[in-house]
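Asker: Supplied structure: entry_17.txt, compact mmCIF, C-alpha atoms and all ligand atoms.
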# COMPACT_ATOMS: atom_id res chain seq x y z
CA MET A 1 -24.02 -14.58 32.06
CA ILE A 2 -22.05 -11.90 30.30
CA LYS A 3 -20.19 -9.00 31.76
CA LEU A 4 -21.39 -6.07 29.71
CA ALA A 5 -19.89 -2.63 29.23
CA THR A 6 -21.61 0.26 27.52
CA VAL A 7 -19.34 2.94 26.10
CA SER A 8 -20.72 6.44 25.68
CA PRO A 9 -18.76 9.35 24.26
CA CYS A 10 -19.57 12.65 25.94
CA TYR A 11 -18.77 16.06 24.60
CA ASN A 12 -20.37 18.82 26.65
CA GLU A 13 -23.16 16.53 27.77
CA GLU A 14 -23.79 18.22 31.12
CA PRO A 15 -27.54 18.69 30.42
CA VAL A 16 -28.32 15.01 29.69
CA LEU A 17 -25.68 13.01 31.51
CA GLU A 18 -27.31 12.50 34.89
CA ASP A 19 -30.58 11.58 33.27
CA SER A 20 -28.89 9.10 30.94
CA VAL A 21 -27.06 7.43 33.81
CA LYS A 22 -30.33 7.14 35.71
CA LYS A 23 -32.08 5.49 32.77
CA LEU A 24 -29.19 3.14 32.08
CA THR A 25 -28.92 2.21 35.77
CA GLU A 26 -32.60 1.23 35.91
CA PHE A 27 -32.13 -0.73 32.71
CA PHE A 28 -28.99 -2.47 34.00
CA ASP A 29 -30.73 -3.34 37.28
CA GLY A 30 -33.50 -4.95 35.24
CA LEU A 31 -31.05 -7.02 33.19
CA VAL A 32 -29.15 -8.10 36.30
CA ALA A 33 -32.44 -9.16 37.95
CA LYS A 34 -33.32 -11.18 34.83
CA GLY A 35 -29.90 -12.82 34.95
CA LYS A 36 -28.89 -11.49 31.53
CA ILE A 37 -25.82 -9.58 32.62
CA SER A 38 -23.55 -9.93 35.62
CA LYS A 39 -23.65 -7.55 38.58
CA ASP A 40 -20.21 -6.20 37.77
CA SER A 41 -21.30 -4.96 34.34
CA MET A 42 -20.47 -1.34 33.76
CA MET A 43 -21.19 1.84 31.87
CA VAL A 44 -18.09 3.62 30.66
CA PHE A 45 -18.32 7.32 29.91
CA VAL A 46 -15.62 8.84 27.74
CA ASN A 47 -15.19 12.54 28.30
CA ASP A 48 -14.06 13.90 24.95
CA GLY A 49 -12.39 17.09 26.14
CA SER A 50 -15.62 18.72 27.28
CA LYS A 51 -15.53 22.38 28.20
CA ASP A 52 -18.36 22.13 30.72
CA GLN A 53 -18.82 20.11 33.92
CA THR A 54 -19.16 16.75 32.13
CA TRP A 55 -16.07 15.18 33.72
CA ASP A 56 -17.01 16.39 37.21
CA ILE A 57 -20.43 14.80 36.76
CA ILE A 58 -18.85 11.52 35.60
CA ARG A 59 -16.51 11.59 38.60
CA LYS A 60 -19.42 12.20 40.96
CA MET A 61 -21.45 9.39 39.38
CA HIS A 62 -18.50 7.05 39.67
CA ASN A 63 -18.42 7.66 43.40
CA GLU A 64 -22.16 7.13 43.81
CA ASN A 65 -22.94 4.41 41.27
CA HIS A 66 -21.04 1.12 41.11
CA TYR A 67 -21.81 0.71 37.40
CA VAL A 68 -20.18 3.97 36.32
CA LYS A 69 -16.62 4.17 35.10
CA GLY A 70 -14.99 7.07 33.35
CA ILE A 71 -12.24 7.86 30.88
CA SER A 72 -11.15 11.39 30.20
CA LEU A 73 -9.35 12.24 26.97
CA ALA A 74 -6.73 14.94 27.14
CA HIS A 75 -8.42 16.99 24.43
CA ASN A 76 -11.39 16.91 22.09
CA SER A 77 -10.61 14.06 19.68
CA GLY A 78 -14.01 13.71 18.03
CA HIS A 79 -16.84 11.20 18.29
CA GLN A 80 -15.10 8.33 16.42
CA ASN A 81 -11.85 8.56 18.36
CA ALA A 82 -13.71 8.89 21.66
CA ILE A 83 -15.64 5.68 20.93
CA MET A 84 -12.41 3.95 19.93
CA ALA A 85 -10.73 5.00 23.18
CA GLY A 86 -13.67 3.74 25.21
CA MET A 87 -13.82 0.41 23.37
CA MET A 88 -10.10 -0.21 23.63
CA VAL A 89 -10.14 0.34 27.39
CA ALA A 90 -13.44 -1.47 28.01
CA LYS A 91 -12.43 -4.59 26.06
CA ASP A 92 -10.13 -5.51 28.93
CA TRP A 93 -12.93 -5.05 31.42
CA ALA A 94 -15.89 -6.84 29.84
CA ASP A 95 -16.97 -9.73 27.58
CA ALA A 96 -18.89 -7.48 25.22
CA VAL A 97 -19.04 -3.75 24.64
CA ILE A 98 -22.01 -1.75 23.39
CA THR A 99 -21.38 1.74 22.10
CA ILE A 100 -24.27 4.14 22.58
CA ASP A 101 -24.31 7.93 22.45
CA ALA A 102 -24.55 9.66 25.80
CA ASP A 103 -27.84 11.34 24.84
CA LEU A 104 -29.47 7.87 24.58
CA GLN A 105 -31.25 8.77 21.34
CA ASP A 106 -30.87 5.12 20.42
CA ASP A 107 -33.38 2.67 21.80
CA ILE A 108 -31.84 1.13 24.93
CA ASN A 109 -34.42 -1.66 24.81
CA ALA A 110 -32.62 -2.98 21.73
CA ILE A 111 -29.69 -3.84 24.02
CA GLU A 112 -31.46 -6.94 25.30
CA GLN A 113 -31.79 -8.32 21.77
CA MET A 114 -28.13 -7.47 21.16
CA ILE A 115 -27.14 -9.54 24.18
CA ASP A 116 -29.32 -12.44 23.00
CA ASP A 117 -27.62 -12.34 19.59
CA PHE A 118 -24.22 -12.22 21.27
CA GLU A 119 -25.10 -15.28 23.33
CA GLU A 120 -26.10 -17.02 20.10
CA GLY A 121 -22.58 -16.50 18.84
CA TYR A 122 -22.63 -13.24 16.91
CA ASP A 123 -19.51 -11.15 17.51
CA ILE A 124 -20.92 -7.92 16.12
CA VAL A 125 -24.52 -6.77 16.40
CA TYR A 126 -25.46 -3.60 14.53
CA GLY A 127 -28.28 -1.35 15.65
CA VAL A 128 -30.10 -0.32 12.49
CA LYS A 129 -32.37 2.69 12.52
CA VAL A 130 -35.82 1.61 11.41
CA SER A 131 -37.52 4.89 12.18
CA ARG A 132 -35.68 8.17 12.03
CA THR A 133 -38.73 10.36 12.33
CA ALA A 134 -37.21 11.98 15.43
CA ASP A 135 -34.20 13.14 13.42
CA PRO A 136 -34.55 16.50 11.67
CA LEU A 137 -35.66 16.05 8.04
CA LEU A 138 -32.49 17.54 6.60
CA LYS A 139 -30.28 15.26 8.69
CA ARG A 140 -32.34 12.24 7.72
CA MET A 141 -32.19 13.02 4.03
CA SER A 142 -28.51 13.89 3.96
CA ALA A 143 -27.67 10.75 5.92
CA GLU A 144 -29.61 8.47 3.59
CA ALA A 145 -28.16 10.12 0.49
CA PHE A 146 -24.74 9.65 2.02
CA TYR A 147 -25.26 5.94 2.73
CA LYS A 148 -26.31 5.45 -0.90
CA LEU A 149 -23.35 7.41 -2.25
CA GLN A 150 -21.03 5.36 -0.06
CA ASP A 151 -22.53 2.20 -1.43
CA ARG A 152 -21.95 3.38 -5.02
CA MET A 153 -18.35 4.16 -4.13
CA GLY A 154 -17.88 0.58 -3.02
CA VAL A 155 -17.62 1.18 0.73
CA LYS A 156 -19.15 -1.76 2.57
CA SER A 157 -21.22 -0.45 5.45
CA VAL A 158 -24.51 -1.33 7.08
CA PHE A 159 -27.36 0.86 5.80
CA ASN A 160 -28.75 3.25 8.41
CA HIS A 161 -26.42 2.03 11.12
CA ALA A 162 -24.64 4.67 13.15
CA ASP A 163 -22.24 3.43 15.79
CA PHE A 164 -24.88 1.86 18.06
CA ARG A 165 -23.52 -1.66 18.17
CA LEU A 166 -22.34 -4.55 20.27
CA MET A 167 -18.89 -6.00 19.82
CA SER A 168 -17.36 -9.02 21.49
CA LYS A 169 -13.96 -8.93 23.16
CA ARG A 170 -12.62 -10.95 20.25
CA ALA A 171 -13.92 -8.51 17.65
CA LEU A 172 -12.47 -5.59 19.58
CA GLU A 173 -9.08 -7.24 19.77
CA MET A 174 -9.15 -7.58 15.99
CA LEU A 175 -10.30 -4.00 15.58
CA ALA A 176 -7.28 -2.92 17.61
CA GLU A 177 -5.06 -4.29 14.85
CA TYR A 178 -6.48 -1.84 12.28
CA ASP A 179 -4.03 0.97 12.66
CA GLU A 180 -6.05 3.75 11.06
CA ARG A 181 -5.76 7.45 11.73
CA ASN A 182 -8.71 8.62 9.63
CA LEU A 183 -11.10 6.60 11.70
CA TYR A 184 -14.49 5.72 10.23
CA LEU A 185 -15.72 2.83 12.33
CA ARG A 186 -18.85 2.13 10.28
CA GLY A 187 -16.64 1.28 7.32
CA LEU A 188 -13.91 -0.43 9.31
CA ILE A 189 -15.91 -2.80 11.49
CA PRO A 190 -17.58 -4.68 8.61
CA LEU A 191 -14.04 -5.41 7.39
CA ILE A 192 -13.36 -7.47 10.52
CA GLY A 193 -15.61 -10.11 9.03
CA LEU A 194 -16.79 -11.99 12.13
CA PRO A 195 -20.40 -13.25 12.32
CA SER A 196 -22.74 -10.31 12.66
CA SER A 197 -26.45 -9.59 12.95
CA THR A 198 -28.68 -6.55 13.18
CA VAL A 199 -31.35 -5.38 15.58
CA ASP A 200 -33.97 -2.67 15.09
CA ASP A 201 -33.33 0.69 16.65
CA THR A 202 -35.92 3.42 16.93
CA ILE A 203 -34.39 6.86 17.29
CA SER A 204 -35.92 9.26 19.79
CA GLU A 205 -35.42 12.96 20.20
CA ARG A 206 -32.52 14.41 22.14
CA GLN A 207 -33.80 15.07 25.67
CA ALA A 208 -31.63 18.09 26.41
CA GLY A 209 -28.66 19.97 25.05
CA LYS A 210 -27.83 20.56 21.40
CA SER A 211 -26.45 18.22 18.74
CA LYS A 212 -22.66 18.22 18.89
CA TYR A 213 -22.48 17.06 15.30
CA THR A 214 -22.09 20.36 13.52
CA LEU A 215 -22.45 20.47 9.73
CA ARG A 216 -18.68 20.66 9.56
CA LYS A 217 -18.16 17.53 11.65
CA MET A 218 -20.78 15.66 9.62
CA LEU A 219 -19.18 16.67 6.35
CA GLY A 220 -15.78 15.64 7.70
CA LEU A 221 -17.14 12.23 8.69
CA ALA A 222 -18.78 11.80 5.28
CA LEU A 223 -15.55 12.66 3.48
CA ASP A 224 -13.58 10.28 5.69
CA GLY A 225 -16.19 7.62 5.09
CA ILE A 226 -15.51 7.67 1.38
CA THR A 227 -11.90 8.71 0.99
CA SER A 228 -10.65 6.36 3.73
CA PHE A 229 -12.15 3.31 2.07
CA SER A 230 -12.51 3.86 -1.64
CA ILE A 231 -10.24 4.75 -4.52
CA LYS A 232 -13.14 4.89 -6.98
CA PRO A 233 -12.98 8.71 -7.18
CA ILE A 234 -9.50 8.42 -8.71
CA TYR A 235 -10.78 5.98 -11.31
CA ASN A 236 -13.64 8.33 -12.10
CA ILE A 237 -11.09 11.03 -12.88
CA ILE A 238 -9.39 8.73 -15.35
CA TYR A 239 -12.74 7.92 -17.02
CA MET A 240 -13.49 11.63 -17.17
CA GLY A 241 -10.15 12.19 -18.84
CA ILE A 242 -10.94 9.58 -21.48
CA LEU A 243 -14.30 11.22 -22.11
CA PHE A 244 -12.58 14.56 -22.58
CA LEU A 245 -10.20 13.09 -25.12
CA LEU A 246 -13.14 11.70 -27.07
CA VAL A 247 -14.82 15.13 -27.06
CA CYS A 248 -11.54 16.59 -28.22
CA VAL A 249 -11.40 14.20 -31.18
CA GLY A 250 -14.98 15.17 -32.05
CA ILE A 251 -14.08 18.85 -32.04
CA ALA A 252 -11.02 18.18 -34.19
CA ILE A 253 -13.16 16.41 -36.78
CA TYR A 254 -15.59 19.32 -36.78
CA VAL A 255 -12.78 21.86 -37.21
CA ILE A 256 -11.26 19.96 -40.14
CA HIS A 257 -14.70 19.78 -41.73
CA ALA A 258 -15.24 23.52 -41.23
CA LEU A 259 -11.82 24.28 -42.73
CA ILE A 260 -12.51 22.21 -45.82
CA ALA A 261 -15.95 23.79 -46.23
CA GLY A 262 -14.43 27.22 -45.69
CA THR A 263 -16.88 28.14 -42.91
CA ALA A 264 -14.32 28.48 -40.09
CA VAL A 265 -14.67 31.57 -37.87
CA HIS A 266 -12.20 32.94 -35.39
CA GLY A 267 -13.45 31.08 -32.32
CA TRP A 268 -12.51 33.35 -29.52
CA ALA A 269 -15.42 32.38 -27.29
CA SER A 270 -14.99 28.66 -27.65
CA LEU A 271 -11.28 28.98 -27.02
CA MET A 272 -11.73 30.96 -23.83
CA LEU A 273 -14.47 28.63 -22.59
CA SER A 274 -12.33 25.57 -23.14
CA VAL A 275 -9.36 27.07 -21.37
CA TRP A 276 -11.41 27.81 -18.29
CA PHE A 277 -13.33 24.58 -18.36
CA VAL A 278 -10.29 22.37 -18.70
CA GLY A 279 -8.53 24.42 -16.04
CA GLY A 280 -11.41 23.80 -13.65
CA VAL A 281 -11.51 20.09 -14.29
CA MET A 282 -7.79 19.83 -13.72
CA LEU A 283 -8.01 21.71 -10.48
CA ILE A 284 -10.74 19.39 -9.19
CA SER A 285 -8.72 16.35 -10.22
CA ILE A 286 -5.60 17.58 -8.54
CA GLY A 287 -7.71 18.34 -5.47
CA VAL A 288 -9.04 14.80 -5.21
CA ILE A 289 -5.59 13.29 -5.64
CA GLY A 290 -4.41 15.76 -3.04
CA VAL A 291 -6.94 14.38 -0.57
CA TYR A 292 -5.42 10.94 -0.90
CA ILE A 293 -1.89 12.21 -0.60
CA GLY A 294 -3.03 14.11 2.45
CA LYS A 295 -4.28 10.89 3.94
CA ILE A 296 -0.99 9.10 3.25
CA TYR A 297 0.72 11.99 4.93
CA ILE A 298 -1.41 11.72 8.04
CA GLU A 299 -1.19 7.94 8.04
CA VAL A 300 2.60 7.81 7.90
CA LYS A 301 2.89 10.19 10.80
CA HIS A 302 1.37 7.60 13.13
CA ARG A 303 0.15 10.01 15.72
CA PRO A 304 -1.76 8.49 18.62
CA LEU A 305 -5.52 8.77 18.11
CA TYR A 306 -6.02 9.91 21.66
CA ASN A 307 -4.15 10.41 24.88
CA ILE A 308 -5.89 9.24 27.97
CA ALA A 309 -5.28 11.60 30.81
CA GLU A 310 -7.11 9.75 33.53
CA ILE A 311 -9.03 6.53 34.13
CA LEU A 312 -11.57 5.98 36.86
CA GLY A 313 -12.40 2.51 38.08
CA ASP A 314 -9.41 0.46 37.03
CA GLU A 315 -9.01 -1.13 40.47
CA GLU A 316 -9.63 -4.71 39.41
N1 LIG B 1 -19.44 13.60 20.68
C1 LIG B 1 -18.09 13.46 21.07
N2 LIG B 1 -17.15 14.30 20.55
C2 LIG B 1 -17.46 15.26 19.62
C3 LIG B 1 -18.82 15.36 19.19
C4 LIG B 1 -19.76 14.52 19.73
O1 LIG B 1 -17.76 12.61 21.90
O2 LIG B 1 -16.55 15.98 19.19
C5 LIG B 1 -20.45 12.70 21.26
C6 LIG B 1 -21.65 13.36 21.90
O3 LIG B 1 -21.40 13.68 23.25
C7 LIG B 1 -22.72 12.30 21.76
C8 LIG B 1 -22.34 11.60 20.48
O4 LIG B 1 -20.99 11.95 20.21
O5 LIG B 1 -22.70 11.35 22.81
C9 LIG B 1 -23.23 11.97 19.32
O6 LIG B 1 -23.33 13.36 19.22
P1 LIG B 1 -24.72 14.10 19.05
O7 LIG B 1 -25.80 13.44 19.84
O8 LIG B 1 -24.52 15.55 19.33
O9 LIG B 1 -24.94 13.90 17.48
P2 LIG B 1 -26.31 13.55 16.75
O10 LIG B 1 -27.04 12.53 17.55
O11 LIG B 1 -27.05 14.84 16.64
O12 LIG B 1 -25.84 13.04 15.43
MG MG B 2 -27.45 12.41 19.44
Would you mind writing the file's structure down as structure tokens?
Answerer:
Amino acid sequence: MIKLATVSPCYNEEPVLEDSVKKLTEFFDGLVAKGKISKDSMMVFVNDGSKDQTWDIIRKMHNENHYVKGISLAHNSGHQNAIMAGMMVAKDWADAVITIDADLQDDINAIEQMIDDFEEGYDIVYGVKVSRTADPLLKRMSAEAFYKLQDRMGVKSVFNHADFRLMSKRALEMLAEYDERNLYLRGLIPLIGLPSSTVDDTISERQAGKSKYTLRKMLGLALDGITSFSIKPIYNIIYMGILFLLVCVGIAIYVIHALIAGTAVHGWASLMLSVWFVGGVMLISIGVIGVYIGKIYIEVKHRPLYNIAEILGDEE
């Protein structure tokens, strides 16, 4: 029988938290009754610097519900870092950790299959979204386009998987060795390379509260997802440069031809256009290289990903 921990990041989740704990508690009770998980399994809630009553609710739940444990980060560190904090703490408490968003949009019934796969010897079990009809159309389309783009850029990730996954203690200990600052777990975890499987996950609608993933945060995650794992964009710049040189040769041939034929005109327009066009391309190129240098800069600083201010339930 395994000792299970769920890890749920919470950023201003006051409207859904109590309900989620209730649902998970019923579910845990069921699994305990079936003998699938041990009685001292737990649900760990990571308060990611919420501005509302989230931490007070977690604290209250911890006092009332023996499953509930809490971690409070000192400030808002973002979804990925909050999950990482939760996993790194929970790996010392449990045999396996399942990360699931606090709004329980993922299908909690998939957890049972995850546990079965874990018992069969898989260290990592990915929840893969089979139906995203509950996600807004725009989100669905942008996400799928992003997964495809990532794939073309050579980032190995699991299609339509978004941080709903089980990881064994062993896998988590290995993950701890990846000392990344620009954290993109979906790209990082496949690099661990332990046996993995997938289970189907049907997404449901958010019960209450708003999505905390603003367009800005999503874009940031997408950029991290590619620039943290792939140097293909730099190669593409080089290829673009070669193409430009070829075009340049073509133009030169044309100009020589025009000179010989005596049809050359004073090409003010073409000159101006080229100057601006080349200038733009160079700016973009410098920008992309700048992104990588920026990452080196952040990486060498070695700042902690998170600072835990308080931990509830570390008695044992
Ligand atoms: N979240 C977090 N820190 C943040 C933003 C989000 O811990 O800065 C948590 C949030 O509480 C939720 C999960 O990340 O548990 C996913 O966020 P949300 O449900 O708002 O995103 P969506 O499902 O719309 O992509
Ligand atoms: Mg959600």
Asker: Name each residue within 9 Å of ligand LIG 1 (chain B), counting all atoms listed in the file, as a PyMOL selection string.
Answerer: chain A and resi 8-13+46-50+76-83+100-106+135+139+162+205-206+209-214+217-218
Asker: Could you pull the residues within 12 Å of Leu194 in chain A, counting all atoms listed in the file, minus those fewer than 2 positions along the same chain, as a list in words?
Answerer: Phe118, Gly121, Tyr122, Asp123, Ile124, Val125, Met167, Ser168, Lys169, Arg170, Ala171, Leu172, Glu173, Met174, Leu175, Ile189, Pro190, Leu191, Ile192, Ser196 and Ser197 of chain A
Asker: Quick one: of A:Ile238, A:His257, A:Tyr67, A:Gly250, who's nearest to Ser285 in chain A, counting only C-alpha atoms?
Answerer: A:Ile238
Asker: Here is a test: counting all atoms listed in the file, which residue of A:Asn63, A:Trp93, A:Glu26, A:Leu17 is nearest to Ser41 in chain A?
Answerer: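 Comparing A:Asn63, A:Trp93, A:Glu26, A:Leu17 against Ser41 in chain A, the winner is A:Trp93.
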Asker: Would you mind listing what lies within 7 Å of Ala5 in chain A as an mmCIF file with C-alpha atoms, in the coordinates of the input, with all atoms listed in the file counted and same-chain residues fewer than 3 positions away left out?
Answerer:
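Result went into out_26.cif, see below:
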data_model
loop_
_atom_site.group_PDB
_atom_site.id
_atom_site.type_symbol
_atom_site.label_atom_id
_atom_site.label_comp_id
_atom_site.auth_asym_id
_atom_site.auth_seq_id
_atom_site.Cartn_x
_atom_site.Cartn_y
_atom_site.Cartn_z
ATOM 1 C CA SER A 41 -21.300 -4.960 34.340
ATOM 2 C CA MET A 42 -20.470 -1.340 33.760
ATOM 3 C CA MET A 43 -21.190 1.840 31.870
ATOM 4 C CA VAL A 44 -18.090 3.620 30.660
ATOM 5 C CA ALA A 90 -13.440 -1.470 28.010
ATOM 6 C CA ALA A 94 -15.890 -6.840 29.840
ATOM 7 C CA ALA A 96 -18.890 -7.480 25.220
ATOM 8 C CA VAL A 97 -19.040 -3.750 24.640
ATOM 9 C CA ILE A 98 -22.010 -1.750 23.390
#
Asker: CA of Val247 in chain A and CA of Val265 in chain A, how far apart in Å?
Answerer: 19.7 Å
Asker: Between A:Glu180, A:Asp163, A:Asp117, A:Asp52, which one has atoms that come closest to ligand MG 2 (chain B), using all atoms listed in the file?
Answerer: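 When distances to ligand MG 2 (chain B) are compared using all atoms listed in the file, the smallest one comes from A:Asp163.
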Asker: Measure the distance from CA of Ile289 in chain A to CA of Pro233 in chain A in Å and round it to one decimal.
Answerer: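 CA of Ile289 in chain A sits 8.8 Å away from CA of Pro233 in chain A.
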Asker: Quick one, how far is CA of Ile311 in chain A from CA of Lys60 in chain A?
Answerer: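 Pair CA of Ile311 in chain A / CA of Lys60 in chain A returns 13.7 Å.
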Asker: Between A:Gly220, A:Asp179, A:Ile242, A:Leu283, which residue has the minimum interatomic distance to Val300 in chain A, considering only C-alpha atoms?
Answerer: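 Selected residue with least distance to Val300 in chain A: A:Asp179.
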Asker: Counting all atoms listed in the file, which residues sit no farther than 7 Å from the position (-8.1, 12.1, 26.3) in the file's frame? I'd like them as a PyMOL selection string.
Answerer: chain A and resi 48-49+72-75+306-309
Asker: Within 12 Å of (-31.6, 8.8, 6.7) (coordinates as in the file), grab all the protein and nucleic acid residues, counting all atoms listed in the file, and write them out as JSON, numbers by chain.
Answerer: {"A": [128, 129, 130, 131, 132, 133, 134, 135, 136, 137, 138, 139, 140, 141, 142, 143, 144, 145, 146, 147, 148, 159, 160, 161, 162, 203]}
Asker: Given all atoms listed in the file as the basis, pick out the residue of A:Gly287, A:Phe164, A:Lys232, A:Leu188 nearest to ligand MG 2 (chain B).
Answerer: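 Nearest to ligand MG 2 (chain B): A:Phe164.
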Asker: Asp224 in chain A: which residues within 12 Å, counting all atoms listed in the file, same-chain residues fewer than 3 positions away excluded, as a list in words?
Answerer: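 What passes the distance filter is Gln80, Phe146, Gln150, Val155, Glu180, Arg181, Asn182, Leu183, Tyr184, Leu185, Arg186, Gly187, Leu188, Lys217, Met218, Leu219, Gly220, Leu221, Thr227, Ser228, Phe229, Ser230, Val291, Tyr292, Gly294 and Lys295 of chain A.
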Asker: Name the closest residue to Leu223 in chain A among the candidates A:Phe45, A:Met153, A:Tyr178, A:Ile296; distances are taken between atoms, counting all atoms listed in the file.
Answerer: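 Answer, going by the shortest atom-to-atom distance: A:Met153.
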